[in-house]
Amino acid sequence: MWYLAIGTTLDLAGLLIAVRRTELPCLRSSRSAGQRTSQRGFDSMSLTYVETVEVPRNPLDLMEEIVGANDWAHERASTDELAVEIQGRWADYRLFFLWQEDMGALHFSCIFESRVPVEKRREVHSLLAMINEKLWLGHFDLSTEDGTPMFRQTCLLRGAQSASVEQLEDLVDVALTECERFFPAFQFVIWGGKSAEEAMQASLLDVVGEA
């Protein structure tokens, strides 16, 4: 809900005029250096925000209920961290949820139980680019520390009371679906000695064959 800095009660027509004159979030710069900017510390050339009063509730509380209902092994390391283990068809997956309250952002990653050898990482990066072109939500990445493939996505909840059950279920469902879909492609490159192009074609043919 947006709150307008207006001291008197307005009728509907007056409210519409006030909304048009109020600086709503938009993709444009501030008009002058003296214009009010967001409390996030942006300068005068950054986006202008109208501050909201409501702060979204911690979505990890709800996510933990969903995880418990599915009997998934999990650990709540802190109020802002949740780790989950799920057994898939191709591999075991580790799910990590991180809640950033100041940003109203829920960061999520789904990690393969696999490691990419150093000599295979260049080809795997080529594979990542091909896979990510086909995704609508989230993206695949490769850890620079240990070469672990992962699926990542961030949900912005600023201005919402909290994430819904459906949103959290979709977040996990999309990640697991894409991981199961493209896991064979990673294996074709890592252990099968195929190029990124060959692995991608073989993976897609395998999915079509099973459908």
# chains A, B, ... in the order shown; residues from 1 in each chain; ligands from 1

call {"tool": "residues_around", "arguments": {"residues": "A:Ala129", "least_positions_apart": "5", "cutoff": "12 Å", "atoms": "only C-alpha atoms", "output": "PDB file with N, CA, C and O atoms, in the first residue's frame"}}
result
ATOM      1  N   ARG A 122      35.359 -24.860 -18.507  1.00  0.00           N
ATOM      2  CA  ARG A 122      35.162 -23.993 -19.665  1.00  0.00           C
ATOM      3  C   ARG A 122      33.987 -24.497 -20.512  1.00  0.00           C
ATOM      4  O   ARG A 122      33.139 -23.722 -20.931  1.00  0.00           O
ATOM      5  N   GLU A 123      33.936 -25.809 -20.732  1.00  0.00           N
ATOM      6  CA  GLU A 123      32.856 -26.381 -21.533  1.00  0.00           C
ATOM      7  C   GLU A 123      31.520 -26.296 -20.787  1.00  0.00           C
ATOM      8  O   GLU A 123      30.471 -26.078 -21.388  1.00  0.00           O
ATOM      9  N   VAL A 124      31.574 -26.460 -19.467  1.00  0.00           N
ATOM     10  CA  VAL A 124      30.349 -26.357 -18.668  1.00  0.00           C
ATOM     11  C   VAL A 124      29.807 -24.930 -18.696  1.00  0.00           C
ATOM     12  O   VAL A 124      28.585 -24.723 -18.739  1.00  0.00           O
ATOM     13  N   LYS A 134      17.188 -20.759 -22.369  1.00  0.00           N
ATOM     14  CA  LYS A 134      15.898 -21.430 -22.468  1.00  0.00           C
ATOM     15  C   LYS A 134      15.032 -21.246 -21.225  1.00  0.00           C
ATOM     16  O   LYS A 134      13.897 -21.740 -21.180  1.00  0.00           O
ATOM     17  N   LEU A 135      15.542 -20.564 -20.217  1.00  0.00           N
ATOM     18  CA  LEU A 135      14.815 -20.431 -18.955  1.00  0.00           C
ATOM     19  C   LEU A 135      14.028 -19.129 -18.892  1.00  0.00           C
ATOM     20  O   LEU A 135      14.502 -18.081 -19.311  1.00  0.00           O
ATOM     21  N   HIS A 139      18.227 -18.971 -13.035  1.00  0.00           N
ATOM     22  CA  HIS A 139      19.350 -19.280 -13.917  1.00  0.00           C
ATOM     23  C   HIS A 139      20.259 -20.300 -13.266  1.00  0.00           C
ATOM     24  O   HIS A 139      20.252 -20.472 -12.043  1.00  0.00           O
ATOM     25  N   PHE A 140      21.035 -20.996 -14.084  1.00  0.00           N
ATOM     26  CA  PHE A 140      22.045 -21.921 -13.585  1.00  0.00           C
ATOM     27  C   PHE A 140      23.379 -21.199 -13.470  1.00  0.00           C
ATOM     28  O   PHE A 140      23.689 -20.298 -14.241  1.00  0.00           O
ATOM     29  N   ASP A 141      24.146 -21.628 -12.481  1.00  0.00           N
ATOM     30  CA  ASP A 141      25.433 -21.001 -12.199  1.00  0.00           C
ATOM     31  C   ASP A 141      26.410 -22.085 -11.774  1.00  0.00           C
ATOM     32  O   ASP A 141      26.032 -23.232 -11.530  1.00  0.00           O
ATOM     33  N   LEU A 142      27.680 -21.708 -11.655  1.00  0.00           N
ATOM     34  CA  LEU A 142      28.723 -22.635 -11.232  1.00  0.00           C
ATOM     35  C   LEU A 142      29.545 -21.964 -10.140  1.00  0.00           C
ATOM     36  O   LEU A 142      30.065 -20.862 -10.333  1.00  0.00           O
ATOM     37  N   ALA A 196      29.421 -29.020 -25.238  1.00  0.00           N
ATOM     38  CA  ALA A 196      28.192 -28.409 -24.721  1.00  0.00           C
ATOM     39  C   ALA A 196      27.039 -28.595 -25.706  1.00  0.00           C
ATOM     40  O   ALA A 196      25.913 -28.896 -25.306  1.00  0.00           O
ATOM     41  N   GLU A 197      27.314 -28.424 -27.002  1.00  0.00           N
ATOM     42  CA  GLU A 197      26.268 -28.584 -28.014  1.00  0.00           C
ATOM     43  C   GLU A 197      25.741 -30.011 -28.054  1.00  0.00           C
ATOM     44  O   GLU A 197      24.524 -30.240 -28.087  1.00  0.00           O
ATOM     45  N   MET A 200      23.693 -30.772 -24.870  1.00  0.00           N
ATOM     46  CA  MET A 200      22.388 -30.124 -24.899  1.00  0.00           C
ATOM     47  C   MET A 200      21.427 -30.898 -25.791  1.00  0.00           C
ATOM     48  O   MET A 200      20.277 -31.155 -25.406  1.00  0.00           O
TER      49      MET A 200
END

call {"tool": "residues_around", "arguments": {"residues": "A:Ile111", "least_positions_apart": "4", "cutoff": "10 Å", "atoms": "only C-alpha atoms", "output": "PDB file with all heavy atoms, in the first residue's frame"}}
result
ATOM      1  N   GLU A  85      17.141 -30.776   2.161  1.00  0.00           N
ATOM      2  CA  GLU A  85      17.676 -31.829   1.297  1.00  0.00           C
ATOM      3  C   GLU A  85      16.518 -32.591   0.667  1.00  0.00           C
ATOM      4  O   GLU A  85      15.582 -33.005   1.360  1.00  0.00           O
ATOM      5  CB  GLU A  85      18.567 -32.788   2.085  1.00  0.00           C
ATOM      6  CG  GLU A  85      19.857 -32.148   2.592  1.00  0.00           C
ATOM      7  CD  GLU A  85      20.764 -33.156   3.278  1.00  0.00           C
ATOM      8  OE1 GLU A  85      20.405 -34.359   3.292  1.00  0.00           O
ATOM      9  OE2 GLU A  85      21.816 -32.748   3.791  1.00  0.00           O
ATOM     10  N   ASP A  92      20.639 -36.109  -5.595  1.00  0.00           N
ATOM     11  CA  ASP A  92      20.140 -35.439  -4.397  1.00  0.00           C
ATOM     12  C   ASP A  92      20.416 -33.946  -4.544  1.00  0.00           C
ATOM     13  O   ASP A  92      21.472 -33.545  -5.037  1.00  0.00           O
ATOM     14  CB  ASP A  92      20.834 -35.972  -3.147  1.00  0.00           C
ATOM     15  CG  ASP A  92      20.465 -37.422  -2.855  1.00  0.00           C
ATOM     16  OD1 ASP A  92      19.381 -37.843  -3.296  1.00  0.00           O
ATOM     17  OD2 ASP A  92      21.266 -38.122  -2.221  1.00  0.00           O
ATOM     18  N   TYR A  93      19.467 -33.135  -4.101  1.00  0.00           N
ATOM     19  CA  TYR A  93      19.593 -31.688  -4.224  1.00  0.00           C
ATOM     20  C   TYR A  93      19.561 -31.046  -2.837  1.00  0.00           C
ATOM     21  O   TYR A  93      18.823 -31.467  -1.951  1.00  0.00           O
ATOM     22  CB  TYR A  93      18.451 -31.115  -5.070  1.00  0.00           C
ATOM     23  CG  TYR A  93      18.389 -31.689  -6.461  1.00  0.00           C
ATOM     24  CD1 TYR A  93      17.394 -32.588  -6.819  1.00  0.00           C
ATOM     25  CD2 TYR A  93      19.352 -31.361  -7.415  1.00  0.00           C
ATOM     26  CE1 TYR A  93      17.338 -33.126  -8.098  1.00  0.00           C
ATOM     27  CE2 TYR A  93      19.305 -31.892  -8.695  1.00  0.00           C
ATOM     28  CZ  TYR A  93      18.296 -32.778  -9.034  1.00  0.00           C
ATOM     29  OH  TYR A  93      18.249 -33.312 -10.296  1.00  0.00           O
ATOM     30  N   ARG A  94      20.367 -30.024  -2.693  1.00  0.00           N
ATOM     31  CA  ARG A  94      20.390 -29.227  -1.466  1.00  0.00           C
ATOM     32  C   ARG A  94      19.817 -27.850  -1.763  1.00  0.00           C
ATOM     33  O   ARG A  94      20.315 -27.139  -2.640  1.00  0.00           O
ATOM     34  CB  ARG A  94      21.812 -29.111  -0.915  1.00  0.00           C
ATOM     35  CG  ARG A  94      22.354 -30.408  -0.324  1.00  0.00           C
ATOM     36  CD  ARG A  94      23.775 -30.223   0.147  1.00  0.00           C
ATOM     37  NE  ARG A  94      24.683 -30.011  -0.978  1.00  0.00           N
ATOM     38  CZ  ARG A  94      25.870 -29.425  -0.870  1.00  0.00           C
ATOM     39  NH1 ARG A  94      26.285 -28.970   0.297  1.00  0.00           N
ATOM     40  NH2 ARG A  94      26.640 -29.282  -1.935  1.00  0.00           N
ATOM     41  N   LEU A  95      18.792 -27.496  -1.037  1.00  0.00           N
ATOM     42  CA  LEU A  95      18.098 -26.225  -1.238  1.00  0.00           C
ATOM     43  C   LEU A  95      18.472 -25.268  -0.108  1.00  0.00           C
ATOM     44  O   LEU A  95      18.434 -25.650   1.070  1.00  0.00           O
ATOM     45  CB  LEU A  95      16.580 -26.419  -1.249  1.00  0.00           C
ATOM     46  CG  LEU A  95      15.924 -26.964  -2.523  1.00  0.00           C
ATOM     47  CD1 LEU A  95      16.504 -28.323  -2.910  1.00  0.00           C
ATOM     48  CD2 LEU A  95      14.413 -27.072  -2.334  1.00  0.00           C
ATOM     49  N   PHE A  96      18.837 -24.049  -0.464  1.00  0.00           N
ATOM     50  CA  PHE A  96      19.195 -23.039   0.523  1.00  0.00           C
ATOM     51  C   PHE A  96      18.328 -21.800   0.319  1.00  0.00           C
ATOM     52  O   PHE A  96      18.210 -21.290  -0.798  1.00  0.00           O
ATOM     53  CB  PHE A  96      20.675 -22.665   0.413  1.00  0.00           C
ATOM     54  CG  PHE A  96      21.616 -23.755   0.815  1.00  0.00           C
ATOM     55  CD1 PHE A  96      22.161 -24.614  -0.133  1.00  0.00           C
ATOM     56  CD2 PHE A  96      21.956 -23.955   2.148  1.00  0.00           C
ATOM     57  CE1 PHE A  96      23.019 -25.629   0.218  1.00  0.00           C
ATOM     58  CE2 PHE A  96      22.822 -24.971   2.522  1.00  0.00           C
ATOM     59  CZ  PHE A  96      23.351 -25.813   1.558  1.00  0.00           C
ATOM     60  N   PHE A 140      21.035 -20.996 -14.084  1.00  0.00           N
ATOM     61  CA  PHE A 140      22.045 -21.921 -13.585  1.00  0.00           C
ATOM     62  C   PHE A 140      23.379 -21.199 -13.470  1.00  0.00           C
ATOM     63  O   PHE A 140      23.689 -20.298 -14.241  1.00  0.00           O
ATOM     64  CB  PHE A 140      22.186 -23.124 -14.516  1.00  0.00           C
ATOM     65  CG  PHE A 140      21.101 -24.152 -14.338  1.00  0.00           C
ATOM     66  CD1 PHE A 140      19.988 -24.144 -15.161  1.00  0.00           C
ATOM     67  CD2 PHE A 140      21.202 -25.116 -13.350  1.00  0.00           C
ATOM     68  CE1 PHE A 140      18.981 -25.086 -15.001  1.00  0.00           C
ATOM     69  CE2 PHE A 140      20.203 -26.062 -13.181  1.00  0.00           C
ATOM     70  CZ  PHE A 140      19.090 -26.047 -14.012  1.00  0.00           C
ATOM     71  N   ASP A 141      24.146 -21.628 -12.481  1.00  0.00           N
ATOM     72  CA  ASP A 141      25.433 -21.001 -12.199  1.00  0.00           C
ATOM     73  C   ASP A 141      26.410 -22.085 -11.774  1.00  0.00           C
ATOM     74  O   ASP A 141      26.032 -23.232 -11.530  1.00  0.00           O
ATOM     75  CB  ASP A 141      25.265 -19.954 -11.101  1.00  0.00           C
ATOM     76  CG  ASP A 141      26.335 -18.876 -11.154  1.00  0.00           C
ATOM     77  OD1 ASP A 141      27.326 -19.055 -11.882  1.00  0.00           O
ATOM     78  OD2 ASP A 141      26.177 -17.858 -10.451  1.00  0.00           O
ATOM     79  N   LEU A 142      27.680 -21.708 -11.655  1.00  0.00           N
ATOM     80  CA  LEU A 142      28.723 -22.635 -11.232  1.00  0.00           C
ATOM     81  C   LEU A 142      29.545 -21.964 -10.140  1.00  0.00           C
ATOM     82  O   LEU A 142      30.065 -20.862 -10.333  1.00  0.00           O
ATOM     83  CB  LEU A 142      29.618 -23.009 -12.417  1.00  0.00           C
ATOM     84  CG  LEU A 142      30.588 -24.172 -12.215  1.00  0.00           C
ATOM     85  CD1 LEU A 142      29.828 -25.486 -12.024  1.00  0.00           C
ATOM     86  CD2 LEU A 142      31.542 -24.284 -13.394  1.00  0.00           C
ATOM     87  N   SER A 143      29.641 -22.621  -9.002  1.00  0.00           N
ATOM     88  CA  SER A 143      30.409 -22.078  -7.886  1.00  0.00           C
ATOM     89  C   SER A 143      31.879 -21.964  -8.250  1.00  0.00           C
ATOM     90  O   SER A 143      32.486 -22.927  -8.729  1.00  0.00           O
ATOM     91  CB  SER A 143      30.243 -22.961  -6.651  1.00  0.00           C
ATOM     92  OG  SER A 143      31.136 -22.570  -5.625  1.00  0.00           O
ATOM     93  N   THR A 148      30.598 -26.421  -8.066  1.00  0.00           N
ATOM     94  CA  THR A 148      29.299 -27.057  -7.886  1.00  0.00           C
ATOM     95  C   THR A 148      28.246 -26.361  -8.746  1.00  0.00           C
ATOM     96  O   THR A 148      28.063 -25.146  -8.632  1.00  0.00           O
ATOM     97  CB  THR A 148      28.861 -26.994  -6.416  1.00  0.00           C
ATOM     98  OG1 THR A 148      29.856 -27.605  -5.599  1.00  0.00           O
ATOM     99  CG2 THR A 148      27.532 -27.706  -6.211  1.00  0.00           C
ATOM    100  N   PRO A 149      27.517 -27.094  -9.596  1.00  0.00           N
ATOM    101  CA  PRO A 149      26.429 -26.473 -10.362  1.00  0.00           C
ATOM    102  C   PRO A 149      25.238 -26.181  -9.448  1.00  0.00           C
ATOM    103  O   PRO A 149      24.973 -26.919  -8.499  1.00  0.00           O
ATOM    104  CB  PRO A 149      26.067 -27.546 -11.405  1.00  0.00           C
ATOM    105  CG  PRO A 149      27.183 -28.535 -11.374  1.00  0.00           C
ATOM    106  CD  PRO A 149      27.735 -28.487  -9.990  1.00  0.00           C
ATOM    107  N   MET A 150      24.516 -25.111  -9.765  1.00  0.00           N
ATOM    108  CA  MET A 150      23.355 -24.763  -8.958  1.00  0.00           C
ATOM    109  C   MET A 150      22.357 -23.961  -9.777  1.00  0.00           C
ATOM    110  O   MET A 150      22.705 -23.336 -10.774  1.00  0.00           O
ATOM    111  CB  MET A 150      23.767 -23.944  -7.728  1.00  0.00           C
ATOM    112  CG  MET A 150      24.325 -22.562  -8.047  1.00  0.00           C
ATOM    113  SD  MET A 150      24.898 -21.686  -6.579  1.00  0.00           S
ATOM    114  CE  MET A 150      26.407 -22.599  -6.233  1.00  0.00           C
ATOM    115  N   PHE A 151      21.107 -24.018  -9.331  1.00  0.00           N
ATOM    116  CA  PHE A 151      20.042 -23.185  -9.891  1.00  0.00           C
ATOM    117  C   PHE A 151      19.752 -22.097  -8.875  1.00  0.00           C
ATOM    118  O   PHE A 151      19.610 -22.365  -7.687  1.00  0.00           O
ATOM    119  CB  PHE A 151      18.790 -24.025 -10.145  1.00  0.00           C
ATOM    120  CG  PHE A 151      17.627 -23.244 -10.704  1.00  0.00           C
ATOM    121  CD1 PHE A 151      17.464 -23.111 -12.073  1.00  0.00           C
ATOM    122  CD2 PHE A 151      16.696 -22.652  -9.868  1.00  0.00           C
ATOM    123  CE1 PHE A 151      16.394 -22.396 -12.608  1.00  0.00           C
ATOM    124  CE2 PHE A 151      15.624 -21.933 -10.385  1.00  0.00           C
ATOM    125  CZ  PHE A 151      15.470 -21.804 -11.753  1.00  0.00           C
ATOM    126  N   ARG A 152      19.633 -20.830  -9.342  1.00  0.00           N
ATOM    127  CA  ARG A 152      19.451 -19.710  -8.411  1.00  0.00           C
ATOM    128  C   ARG A 152      18.303 -18.816  -8.855  1.00  0.00           C
ATOM    129  O   ARG A 152      18.043 -18.657 -10.052  1.00  0.00           O
ATOM    130  CB  ARG A 152      20.737 -18.887  -8.315  1.00  0.00           C
ATOM    131  CG  ARG A 152      21.939 -19.662  -7.848  1.00  0.00           C
ATOM    132  CD  ARG A 152      23.205 -18.829  -7.920  1.00  0.00           C
ATOM    133  NE  ARG A 152      23.146 -17.673  -7.042  1.00  0.00           N
ATOM    134  CZ  ARG A 152      24.068 -16.707  -7.009  1.00  0.00           C
ATOM    135  NH1 ARG A 152      25.093 -16.761  -7.836  1.00  0.00           N
ATOM    136  NH2 ARG A 152      23.957 -15.707  -6.181  1.00  0.00           N
ATOM    137  N   ALA A 175      12.511 -24.896  -9.703  1.00  0.00           N
ATOM    138  CA  ALA A 175      13.926 -25.242  -9.555  1.00  0.00           C
ATOM    139  C   ALA A 175      14.164 -26.734  -9.754  1.00  0.00           C
ATOM    140  O   ALA A 175      15.062 -27.138 -10.495  1.00  0.00           O
ATOM    141  CB  ALA A 175      14.423 -24.812  -8.178  1.00  0.00           C
ATOM    142  N   LEU A 176      13.361 -27.570  -9.105  1.00  0.00           N
ATOM    143  CA  LEU A 176      13.556 -29.007  -9.215  1.00  0.00           C
ATOM    144  C   LEU A 176      13.252 -29.508 -10.623  1.00  0.00           C
ATOM    145  O   LEU A 176      13.936 -30.400 -11.137  1.00  0.00           O
ATOM    146  CB  LEU A 176      12.668 -29.734  -8.200  1.00  0.00           C
ATOM    147  CG  LEU A 176      13.029 -29.511  -6.725  1.00  0.00           C
ATOM    148  CD1 LEU A 176      12.057 -30.254  -5.824  1.00  0.00           C
ATOM    149  CD2 LEU A 176      14.456 -29.963  -6.448  1.00  0.00           C
ATOM    150  N   CYS A 179      16.252 -28.537 -12.759  1.00  0.00           N
ATOM    151  CA  CYS A 179      17.432 -29.328 -12.389  1.00  0.00           C
ATOM    152  C   CYS A 179      17.321 -30.750 -12.927  1.00  0.00           C
ATOM    153  O   CYS A 179      18.293 -31.305 -13.460  1.00  0.00           O
ATOM    154  CB  CYS A 179      17.594 -29.353 -10.869  1.00  0.00           C
ATOM    155  SG  CYS A 179      18.186 -27.801 -10.159  1.00  0.00           S
TER     156      CYS A 179
END

call {"tool": "closest_residue", "arguments": {"among": "A:Glu119, A:Glu113, A:Glu178, A:Asp61", "to": "A:Leu98", "atoms": "only C-alpha atoms"}}
result
A:Asp61

call {"tool": "select_by_dssp", "arguments": {"residues": "stretch 34-171 of chain A", "states": "strand (DSSP E or B)", "output": "VMD selection string"}}
result
chain A and resid 73 to 78 81 to 87 92 to 100 105 to 112 139 to 142 149 to 156

call {"tool": "atom_distance", "arguments": {"atom1": "atom CA of A:Leu82", "atom2": "atom CA of A:Ile131"}}
result
27.0 Å

call {"tool": "closest_residue", "arguments": {"among": "A:Trp191, A:Phe108, A:Trp99, A:Trp90", "to": "A:Thr177", "atoms": "only C-alpha atoms"}}
result
A:Trp90

call {"tool": "residues_around", "arguments": {"residues": "stretch 155-157 of chain A", "least_positions_apart": "6", "cutoff": "9 Å", "atoms": "only C-alpha atoms", "output": "ChimeraX atom specification"}}
result
/A:56,103-108,163,171

call {"tool": "write_last_selection", "arguments": {"atoms": "N, CA, C and O atoms", "output": "PDB file, in the first residue's frame"}}
result
ATOM      1  N   PRO A  56       7.337  -7.069   4.964  1.00  0.00           N
ATOM      2  CA  PRO A  56       6.866  -8.438   4.779  1.00  0.00           C
ATOM      3  C   PRO A  56       7.336  -9.346   5.901  1.00  0.00           C
ATOM      4  O   PRO A  56       8.447  -9.222   6.401  1.00  0.00           O
ATOM      5  N   MET A 103      16.002  -5.672   2.352  1.00  0.00           N
ATOM      6  CA  MET A 103      15.694  -5.573   0.929  1.00  0.00           C
ATOM      7  C   MET A 103      14.342  -6.181   0.579  1.00  0.00           C
ATOM      8  O   MET A 103      13.839  -5.995  -0.539  1.00  0.00           O
ATOM      9  N   GLY A 104      13.752  -6.933   1.517  1.00  0.00           N
ATOM     10  CA  GLY A 104      12.525  -7.642   1.212  1.00  0.00           C
ATOM     11  C   GLY A 104      12.758  -8.684   0.137  1.00  0.00           C
ATOM     12  O   GLY A 104      11.928  -8.893  -0.740  1.00  0.00           O
ATOM     13  N   ALA A 105      13.917  -9.367   0.182  1.00  0.00           N
ATOM     14  CA  ALA A 105      14.319 -10.289  -0.873  1.00  0.00           C
ATOM     15  C   ALA A 105      14.564 -11.687  -0.315  1.00  0.00           C
ATOM     16  O   ALA A 105      15.210 -11.859   0.717  1.00  0.00           O
ATOM     17  N   LEU A 106      14.040 -12.682  -1.020  1.00  0.00           N
ATOM     18  CA  LEU A 106      14.265 -14.081  -0.668  1.00  0.00           C
ATOM     19  C   LEU A 106      15.155 -14.699  -1.737  1.00  0.00           C
ATOM     20  O   LEU A 106      14.752 -14.848  -2.896  1.00  0.00           O
ATOM     21  N   HIS A 107      16.376 -15.042  -1.353  1.00  0.00           N
ATOM     22  CA  HIS A 107      17.323 -15.672  -2.286  1.00  0.00           C
ATOM     23  C   HIS A 107      17.257 -17.172  -2.112  1.00  0.00           C
ATOM     24  O   HIS A 107      17.242 -17.692  -0.993  1.00  0.00           O
ATOM     25  N   PHE A 108      17.233 -17.882  -3.242  1.00  0.00           N
ATOM     26  CA  PHE A 108      17.063 -19.332  -3.225  1.00  0.00           C
ATOM     27  C   PHE A 108      18.058 -19.975  -4.179  1.00  0.00           C
ATOM     28  O   PHE A 108      18.301 -19.474  -5.278  1.00  0.00           O
ATOM     29  N   ALA A 163       5.255 -13.730   1.385  1.00  0.00           N
ATOM     30  CA  ALA A 163       5.109 -14.654   0.263  1.00  0.00           C
ATOM     31  C   ALA A 163       3.940 -15.587   0.546  1.00  0.00           C
ATOM     32  O   ALA A 163       3.627 -15.904   1.701  1.00  0.00           O
ATOM     33  N   LEU A 171       8.336 -21.746  -6.435  1.00  0.00           N
ATOM     34  CA  LEU A 171       9.772 -21.490  -6.398  1.00  0.00           C
ATOM     35  C   LEU A 171      10.551 -22.801  -6.370  1.00  0.00           C
ATOM     36  O   LEU A 171      11.509 -22.996  -7.133  1.00  0.00           O
TER      37      LEU A 171
END

call {"tool": "select_by_dssp", "arguments": {"residues": "stretch 54-107 of chain A", "states": "helix (DSSP H, G or I)", "output": "PDB file with all heavy atoms, in the first residue's frame"}}
result
ATOM      1  N   PRO A  59       9.365 -15.047   5.178  1.00  0.00           N
ATOM      2  CA  PRO A  59       8.775 -16.149   4.406  1.00  0.00           C
ATOM      3  C   PRO A  59       9.352 -17.508   4.775  1.00  0.00           C
ATOM      4  O   PRO A  59       8.763 -18.535   4.432  1.00  0.00           O
ATOM      5  CB  PRO A  59       9.105 -15.780   2.957  1.00  0.00           C
ATOM      6  CG  PRO A  59      10.343 -14.951   3.060  1.00  0.00           C
ATOM      7  CD  PRO A  59      10.214 -14.176   4.338  1.00  0.00           C
ATOM      8  N   LEU A  60      10.482 -17.530   5.486  1.00  0.00           N
ATOM      9  CA  LEU A  60      11.076 -18.816   5.860  1.00  0.00           C
ATOM     10  C   LEU A  60      10.229 -19.543   6.897  1.00  0.00           C
ATOM     11  O   LEU A  60      10.294 -20.777   6.998  1.00  0.00           O
ATOM     12  CB  LEU A  60      12.494 -18.610   6.387  1.00  0.00           C
ATOM     13  CG  LEU A  60      13.513 -18.049   5.389  1.00  0.00           C
ATOM     14  CD1 LEU A  60      14.917 -18.130   5.961  1.00  0.00           C
ATOM     15  CD2 LEU A  60      13.441 -18.792   4.063  1.00  0.00           C
ATOM     16  N   ASP A  61       9.437 -18.801   7.669  1.00  0.00           N
ATOM     17  CA  ASP A  61       8.532 -19.450   8.618  1.00  0.00           C
ATOM     18  C   ASP A  61       7.518 -20.313   7.870  1.00  0.00           C
ATOM     19  O   ASP A  61       7.246 -21.456   8.253  1.00  0.00           O
ATOM     20  CB  ASP A  61       7.807 -18.401   9.468  1.00  0.00           C
ATOM     21  CG  ASP A  61       8.766 -17.611  10.343  1.00  0.00           C
ATOM     22  OD1 ASP A  61       9.861 -18.143  10.657  1.00  0.00           O
ATOM     23  OD2 ASP A  61       8.439 -16.470  10.704  1.00  0.00           O
ATOM     24  N   LEU A  62       6.959 -19.760   6.799  1.00  0.00           N
ATOM     25  CA  LEU A  62       6.008 -20.506   5.983  1.00  0.00           C
ATOM     26  C   LEU A  62       6.701 -21.614   5.209  1.00  0.00           C
ATOM     27  O   LEU A  62       6.170 -22.726   5.080  1.00  0.00           O
ATOM     28  CB  LEU A  62       5.291 -19.550   5.022  1.00  0.00           C
ATOM     29  CG  LEU A  62       4.247 -20.164   4.094  1.00  0.00           C
ATOM     30  CD1 LEU A  62       3.175 -20.906   4.890  1.00  0.00           C
ATOM     31  CD2 LEU A  62       3.612 -19.084   3.223  1.00  0.00           C
ATOM     32  N   MET A  63       7.904 -21.327   4.694  1.00  0.00           N
ATOM     33  CA  MET A  63       8.644 -22.346   3.942  1.00  0.00           C
ATOM     34  C   MET A  63       8.970 -23.530   4.833  1.00  0.00           C
ATOM     35  O   MET A  63       8.928 -24.688   4.375  1.00  0.00           O
ATOM     36  CB  MET A  63       9.933 -21.724   3.388  1.00  0.00           C
ATOM     37  CG  MET A  63      10.688 -22.598   2.393  1.00  0.00           C
ATOM     38  SD  MET A  63       9.809 -22.799   0.826  1.00  0.00           S
ATOM     39  CE  MET A  63       9.565 -24.571   0.793  1.00  0.00           C
ATOM     40  N   GLU A  64       9.266 -23.283   6.074  1.00  0.00           N
ATOM     41  CA  GLU A  64       9.580 -24.372   6.995  1.00  0.00           C
ATOM     42  C   GLU A  64       8.353 -25.256   7.224  1.00  0.00           C
ATOM     43  O   GLU A  64       8.485 -26.481   7.371  1.00  0.00           O
ATOM     44  CB  GLU A  64      10.089 -23.809   8.324  1.00  0.00           C
ATOM     45  CG  GLU A  64      10.715 -24.861   9.221  1.00  0.00           C
ATOM     46  CD  GLU A  64      11.432 -24.253  10.416  1.00  0.00           C
ATOM     47  OE1 GLU A  64      11.171 -23.071  10.737  1.00  0.00           O
ATOM     48  OE2 GLU A  64      12.254 -24.965  11.020  1.00  0.00           O
ATOM     49  N   GLU A  65       7.168 -24.672   7.236  1.00  0.00           N
ATOM     50  CA  GLU A  65       5.939 -25.461   7.366  1.00  0.00           C
ATOM     51  C   GLU A  65       5.732 -26.347   6.139  1.00  0.00           C
ATOM     52  O   GLU A  65       5.334 -27.508   6.247  1.00  0.00           O
ATOM     53  CB  GLU A  65       4.743 -24.534   7.554  1.00  0.00           C
ATOM     54  CG  GLU A  65       4.750 -23.763   8.864  1.00  0.00           C
ATOM     55  CD  GLU A  65       3.509 -22.902   9.013  1.00  0.00           C
ATOM     56  OE1 GLU A  65       2.533 -23.143   8.269  1.00  0.00           O
ATOM     57  OE2 GLU A  65       3.506 -21.994   9.859  1.00  0.00           O
ATOM     58  N   ILE A  66       5.997 -25.793   4.950  1.00  0.00           N
ATOM     59  CA  ILE A  66       5.862 -26.568   3.710  1.00  0.00           C
ATOM     60  C   ILE A  66       6.846 -27.725   3.704  1.00  0.00           C
ATOM     61  O   ILE A  66       6.516 -28.862   3.341  1.00  0.00           O
ATOM     62  CB  ILE A  66       6.086 -25.662   2.487  1.00  0.00           C
ATOM     63  CG1 ILE A  66       5.000 -24.584   2.419  1.00  0.00           C
ATOM     64  CG2 ILE A  66       6.104 -26.484   1.203  1.00  0.00           C
ATOM     65  CD1 ILE A  66       5.240 -23.549   1.331  1.00  0.00           C
ATOM     66  N   VAL A  67       8.076 -27.453   4.107  1.00  0.00           N
ATOM     67  CA  VAL A  67       9.115 -28.490   4.153  1.00  0.00           C
ATOM     68  C   VAL A  67       8.724 -29.590   5.133  1.00  0.00           C
ATOM     69  O   VAL A  67       8.863 -30.787   4.838  1.00  0.00           O
ATOM     70  CB  VAL A  67      10.459 -27.859   4.562  1.00  0.00           C
ATOM     71  CG1 VAL A  67      11.477 -28.944   4.895  1.00  0.00           C
ATOM     72  CG2 VAL A  67      10.989 -26.971   3.436  1.00  0.00           C
ATOM     73  N   GLY A  68       8.221 -29.194   6.292  1.00  0.00           N
ATOM     74  CA  GLY A  68       7.808 -30.181   7.284  1.00  0.00           C
ATOM     75  C   GLY A  68       6.647 -31.033   6.802  1.00  0.00           C
ATOM     76  O   GLY A  68       6.597 -32.246   7.066  1.00  0.00           O
ATOM     77  N   ALA A  69       5.702 -30.426   6.071  1.00  0.00           N
ATOM     78  CA  ALA A  69       4.557 -31.174   5.554  1.00  0.00           C
ATOM     79  C   ALA A  69       4.973 -32.211   4.528  1.00  0.00           C
ATOM     80  O   ALA A  69       4.288 -33.231   4.341  1.00  0.00           O
ATOM     81  CB  ALA A  69       3.550 -30.207   4.935  1.00  0.00           C
TER      82      ALA A  69
END
